[in-house]
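One structure is given here, and the rest of the page talks about it.
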Amino acid sequence: MKRIVLVGGGHSHLHCVKKLKANKQPDIEWVLVSSSRYQYYSGMFSGFVEGLYEESDIRIDLLQLSKWVGIQFIELTISSIDPINNTLYSASGQTISFDYVSFDIGSLNIDPNIPNLANNSIAVKPNHLFPKHINDLRCSKHPVIVGGGASGIEMALSLLAWKKKHTPNDSEVTLVHSSPLLHSTGIRSSKIITQLAHKSGLNVVSKETVATVTKENLITQKGIRINYSHLIYLGGPQASPLFRNSSLPTDSHGFMLIKSTLQNIRYPHIFGAGDCISIESDLNIPKNGVTAVRQGPVLWKNLNRIVQKKDLLEYQPQKNYLALISIGNHHALLIYGTFATSGKWTWHAKNWIDRRFMNQFQT
Ligand SMILES: Cc1cc2nc3c(=O)[nH]c(=O)nc-3n(C[C@H](O)[C@H](O)[C@H](O)COP(=O)(O)OP(=O)(O)OC[C@H]3O[C@@H](n4cnc5c(N)ncnc54)[C@H](O)[C@@H]3O)c2cc1C
């Protein structure tokens with residue numbers, strides 16, 4: 001009997017757990033370990049902030065899901081791994097042994113290199129930390145969101161949409177960013193989102209990089225002070241300290257380095273997927289939910305194949321993928337390659353895709 005431990009209830013592991021319902025091998029024991037019983041789906045955070053979804057719409061009950069497929073669920077945060085003695089450790093000293101382990105623990109949103117950011121901003125990641133801040137955020141006088149990527153823009157525009165609807169006389173929201181908005185998705189989408197952001201009444205502060213944070217202000221590298229009542233930093237995914245603390249091979253940012261078979265480059269019995277890993281042969285694969293979902297089927301097959309001593313499959317990243325960014329009031333921006341368009345139907349497409357994804361796991 002071999003024991004496979006899945007650490008983190010992220011997208012790729014959700015796929016593995018779902019597959020177990022009909023495909024459990026008698027010689028493999030599966031265990032799911034995650035920090036929270038609930039796995040929140042960040043693709044629906046924007047709709048949640050805007051008040052279009054309830055908390056129960058945007059989360060998966062990992063305990064129920066595990067019971068449904070017949071595996072053990074342990075609510076625990078893993079803080080380190082001993083790759084030689086095949087043991088996982090929690091900060092409180094709890095241990096879990098394994099034959100094979102896979103990490104799909106996502107990323108963090110707070111950049112540890114920005115002084116005082118951790119004490120003064122809202123943790124959006126891990127995802128289960130975010131919903132408890134929703135009321136404070138909506139009632140906040142001068143909320144500031146940092147980050148010109150998809151998550152920062154969605155968060156700012158959905159909060160603005162909620163405020164305009166519920167507190168129209170008090171609807172200030174500021175977005176601070178350094179590079180052009182959505183610069184990684186091309187000129188057309190960047191232009192469209194910049195126009196939409198200005199039209200919406202969002203207070204956009206461009207070409208500013210956060211240098212440090214005080215209790216009430218963020219201070220940019222050019223010395224500009226921006227007052228905030230609540231601050232959310234979405235300047236790009238940050239690595240969990242787990243891998244560096246365990247002396248596992250990582251990239252320069254601390255994400256676990258793996259091969260295209262999703263195996264750790266040094267320890268073939270350690271796997272990983274989603275935001276928490278970087279693939280050695282292509283360090284630029286974007287860290288987003290789409291990538292994590294796509295890695296799920298390869299991870300599932302390879303975890304089974306390694307026990308059966310079969311050759312492993314390689315994950316092939318997609319060149320183009322569909323991105324749907326909610327811009328408030330049941331509208332979304334659709335981006336595919338260099339094509340971009342916005343409208344109401346695109347939001348309905350996003351809503352349909354997101355709900356269909358969640359329906360698979362809300363048992
Ligand atoms: C506001 C916002 C909106 C976004 N919107 C989109 C979007 O619309 N589309 C898109 O593709 N991407 C979106 N993203 C990016 C997306 O959230 C991530 O890329 C995606 O969640 C990564 O999935 P994952 O499977 O790696 O991990 P996650 O979905 O983050 O799941 C990780 C899980 O591991 C658990 N965990 C963490 N640490 C530990 C530990 N040490 N021990 C045990 N368990 C642990 C967590 O509790 C969580 O359950 C958004 C991000 C943000 C912040």
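Identifiers in this document derive from the order of the structure tokens: chains are assigned A, B, ..., residues are numbered from 1 separately in each chain, and ligands are numbered from 1 in order of occurrence.
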
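Once A:Ala349 and its same-chain neighbours fewer than 3 positions away are set aside, Leu322, Ala323, Leu324, Ile325, Ser326, His330, His331, Ala332, Leu333, Leu334, Ser342, Gly343, Lys344, Trp345, Thr346, Trp352, Ile353, Asp354, Arg355 and Arg356 of chain A remain within 12 Å of it when counting only C-alpha atoms.
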
Problem - Those of stretch 163-348 of chain A in DSSP helix (DSSP H, G or I), formatted as number ranges by chain - result: A: 163-166, 183-185, 187-200, 242-245, 274-276, 289-307, 344-348

Stretch 282-299 of chain A: which residues within 6 Å, counting only C-alpha atoms, same-chain residues fewer than 5 positions away excluded, as a PDB file with C-alpha atoms, in the first residue's frame?
ATOM      1  CA  HIS A  11      -7.234  23.641  -8.527  1.00  0.00           C
ATOM      2  CA  SER A  12      -5.013  20.697  -9.600  1.00  0.00           C
ATOM      3  CA  HIS A  15      -9.178  17.571 -10.103  1.00  0.00           C
ATOM      4  CA  GLY A 274      -0.378  25.658  -9.611  1.00  0.00           C
ATOM      5  CA  ASP A 275       0.996  28.956  -8.337  1.00  0.00           C
TER       6      ASP A 275
END

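Of the listed residues (A:Asp99, A:Pro317, A:Ile258, A:Lys301), A:Asp99 comes nearest to A:Thr87; the distances count only C-alpha atoms.
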
Practice task
Identify which of the residues A:Leu160, A:Val31, A:Ile84, A:Thr212 lies closest to A:Ala118, counting only C-alpha atoms when measuring atom-to-atom distances.
Solution key: A:Thr212

Problem - Polymer residues at most 12 Å from A:Lys18, only C-alpha atoms, same-chain spacing of 4 or more positions, as a VMD selection string - result: chain A and resid 9 11 to 14 22 to 24 32 62 64 to 71 296 to 297 300 357 to 363

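Remark: for ligand 1, the closest of the candidate residues A:Ser171, A:Ser200, A:Thr214, A:Ser278 is A:Ser278 (distances computed over only C-alpha atoms and all ligand atoms).
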
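For the set A:Leu137, A:Ile232, A:Leu202, A:Ile279, the residue with the smallest atom-to-atom gap to A:Gly328 is A:Leu202, counting only C-alpha atoms.
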
Practice task
Write out as a PyMOL selection string which residues come within 7 Å of stretch 105-110 of chain A when counting only C-alpha atoms, dropping same-chain ones fewer than 2 positions away.
Solution key: chain A and resi 7-10+103+112+117-118+123-126+233-234+236-240+274-276

Hey, can you spit out that residue selection with N, CA, C and O atoms as a PDB file, in the first residue's frame?
ATOM      1  N   VAL A   7      -1.100  18.154  -0.569  1.00  0.00           N
ATOM      2  CA  VAL A   7      -1.041  19.299   0.350  1.00  0.00           C
ATOM      3  C   VAL A   7      -1.602  20.535  -0.362  1.00  0.00           C
ATOM      4  O   VAL A   7      -1.031  20.993  -1.350  1.00  0.00           O
ATOM      5  N   GLY A   8      -2.727  21.065   0.167  1.00  0.00           N
ATOM      6  CA  GLY A   8      -3.381  22.245  -0.431  1.00  0.00           C
ATOM      7  C   GLY A   8      -4.577  21.825  -1.274  1.00  0.00           C
ATOM      8  O   GLY A   8      -4.497  20.875  -2.061  1.00  0.00           O
ATOM      9  N   GLY A   9      -5.652  22.551  -1.097  1.00  0.00           N
ATOM     10  CA  GLY A   9      -6.882  22.229  -1.858  1.00  0.00           C
ATOM     11  C   GLY A   9      -6.998  23.027  -3.134  1.00  0.00           C
ATOM     12  O   GLY A   9      -8.102  23.410  -3.522  1.00  0.00           O
ATOM     13  N   GLY A  10      -5.868  23.301  -3.782  1.00  0.00           N
ATOM     14  CA  GLY A  10      -5.868  24.116  -5.005  1.00  0.00           C
ATOM     15  C   GLY A  10      -6.487  23.392  -6.198  1.00  0.00           C
ATOM     16  O   GLY A  10      -6.930  22.247  -6.099  1.00  0.00           O
ATOM     17  N   PHE A 103       2.277  19.173  -3.837  1.00  0.00           N
ATOM     18  CA  PHE A 103       1.940  20.494  -3.291  1.00  0.00           C
ATOM     19  C   PHE A 103       1.147  21.297  -4.323  1.00  0.00           C
ATOM     20  O   PHE A 103       1.576  21.450  -5.470  1.00  0.00           O
ATOM     21  N   PRO A 112       6.995  40.318   0.967  1.00  0.00           N
ATOM     22  CA  PRO A 112       7.738  40.481   2.215  1.00  0.00           C
ATOM     23  C   PRO A 112       8.841  41.524   2.130  1.00  0.00           C
ATOM     24  O   PRO A 112       9.385  41.948   3.156  1.00  0.00           O
ATOM     25  N   LEU A 117       4.272  46.220   5.044  1.00  0.00           N
ATOM     26  CA  LEU A 117       3.103  45.843   4.245  1.00  0.00           C
ATOM     27  C   LEU A 117       2.292  44.749   4.956  1.00  0.00           C
ATOM     28  O   LEU A 117       1.058  44.825   5.015  1.00  0.00           O
ATOM     29  N   ALA A 118       2.977  43.762   5.488  1.00  0.00           N
ATOM     30  CA  ALA A 118       2.277  42.615   6.100  1.00  0.00           C
ATOM     31  C   ALA A 118       1.369  43.060   7.246  1.00  0.00           C
ATOM     32  O   ALA A 118       0.253  42.569   7.383  1.00  0.00           O
ATOM     33  N   ALA A 123      -4.763  40.338   3.857  1.00  0.00           N
ATOM     34  CA  ALA A 123      -4.283  39.121   3.181  1.00  0.00           C
ATOM     35  C   ALA A 123      -5.411  38.556   2.330  1.00  0.00           C
ATOM     36  O   ALA A 123      -6.479  38.235   2.835  1.00  0.00           O
ATOM     37  N   VAL A 124      -5.168  38.484   1.040  1.00  0.00           N
ATOM     38  CA  VAL A 124      -6.168  37.901   0.122  1.00  0.00           C
ATOM     39  C   VAL A 124      -5.833  36.426  -0.118  1.00  0.00           C
ATOM     40  O   VAL A 124      -6.673  35.619  -0.461  1.00  0.00           O
ATOM     41  N   LYS A 125      -4.557  36.090   0.086  1.00  0.00           N
ATOM     42  CA  LYS A 125      -4.077  34.723  -0.111  1.00  0.00           C
ATOM     43  C   LYS A 125      -3.369  34.253   1.146  1.00  0.00           C
ATOM     44  O   LYS A 125      -2.632  35.048   1.713  1.00  0.00           O
ATOM     45  N   PRO A 126      -3.493  32.990   1.602  1.00  0.00           N
ATOM     46  CA  PRO A 126      -4.383  31.993   1.046  1.00  0.00           C
ATOM     47  C   PRO A 126      -5.825  32.490   1.019  1.00  0.00           C
ATOM     48  O   PRO A 126      -6.250  33.262   1.881  1.00  0.00           O
ATOM     49  N   TYR A 233      -2.732  44.628  -1.376  1.00  0.00           N
ATOM     50  CA  TYR A 233      -1.592  44.599  -2.293  1.00  0.00           C
ATOM     51  C   TYR A 233      -1.733  43.388  -3.214  1.00  0.00           C
ATOM     52  O   TYR A 233      -1.744  42.240  -2.743  1.00  0.00           O
ATOM     53  N   LEU A 234      -1.867  43.640  -4.510  1.00  0.00           N
ATOM     54  CA  LEU A 234      -1.977  42.548  -5.486  1.00  0.00           C
ATOM     55  C   LEU A 234      -0.940  42.761  -6.589  1.00  0.00           C
ATOM     56  O   LEU A 234      -1.245  42.800  -7.774  1.00  0.00           O
ATOM     57  N   GLY A 236       1.449  40.859  -7.549  1.00  0.00           N
ATOM     58  CA  GLY A 236       2.038  39.641  -8.137  1.00  0.00           C
ATOM     59  C   GLY A 236       2.191  38.553  -7.098  1.00  0.00           C
ATOM     60  O   GLY A 236       2.362  38.856  -5.906  1.00  0.00           O
ATOM     61  N   PRO A 237       2.105  37.281  -7.522  1.00  0.00           N
ATOM     62  CA  PRO A 237       2.166  36.173  -6.564  1.00  0.00           C
ATOM     63  C   PRO A 237       3.516  36.061  -5.851  1.00  0.00           C
ATOM     64  O   PRO A 237       4.566  36.229  -6.477  1.00  0.00           O
ATOM     65  N   GLN A 238       3.458  35.807  -4.558  1.00  0.00           N
ATOM     66  CA  GLN A 238       4.669  35.618  -3.744  1.00  0.00           C
ATOM     67  C   GLN A 238       4.711  34.157  -3.275  1.00  0.00           C
ATOM     68  O   GLN A 238       3.669  33.561  -3.029  1.00  0.00           O
ATOM     69  N   ALA A 239       5.932  33.642  -3.115  1.00  0.00           N
ATOM     70  CA  ALA A 239       6.064  32.218  -2.762  1.00  0.00           C
ATOM     71  C   ALA A 239       5.850  31.975  -1.275  1.00  0.00           C
ATOM     72  O   ALA A 239       6.215  32.796  -0.437  1.00  0.00           O
ATOM     73  N   SER A 240       5.290  30.818  -0.957  1.00  0.00           N
ATOM     74  CA  SER A 240       5.232  30.364   0.438  1.00  0.00           C
ATOM     75  C   SER A 240       6.673  30.105   0.896  1.00  0.00           C
ATOM     76  O   SER A 240       7.495  29.614   0.111  1.00  0.00           O
ATOM     77  N   GLY A 274       0.261  24.376  -9.945  1.00  0.00           N
ATOM     78  CA  GLY A 274      -0.378  25.658  -9.611  1.00  0.00           C
ATOM     79  C   GLY A 274       0.615  26.764  -9.328  1.00  0.00           C
ATOM     80  O   GLY A 274       1.780  26.715  -9.751  1.00  0.00           O
ATOM     81  N   ASP A 275       0.167  27.766  -8.607  1.00  0.00           N
ATOM     82  CA  ASP A 275       0.996  28.956  -8.337  1.00  0.00           C
ATOM     83  C   ASP A 275       2.295  28.636  -7.599  1.00  0.00           C
ATOM     84  O   ASP A 275       3.259  29.386  -7.701  1.00  0.00           O
ATOM     85  N   CYS A 276       2.322  27.575  -6.790  1.00  0.00           N
ATOM     86  CA  CYS A 276       3.457  27.373  -5.867  1.00  0.00           C
ATOM     87  C   CYS A 276       4.698  26.813  -6.547  1.00  0.00           C
ATOM     88  O   CYS A 276       5.736  26.681  -5.901  1.00  0.00           O
TER      89      CYS A 276
END

Problem - Which of A:Asp311, A:Phe271, A:Ile277, A:Arg266 sits closest to A:Asp251 [using only C-alpha atoms] - result: A:Ile277

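With only C-alpha atoms and all ligand atoms as the basis for measurement, A:Gly272 is the residue among A:Pro168, A:Gly272, A:Pro143, A:Pro180 that approaches ligand 1 most closely.
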
Handout entry: Coordinates-based distance that separates atom CA of A:Ile145 from atom 5 (N, counted along the ligand's line) of ligand 1 (Å, one decimal)
Key = 14.3 Å
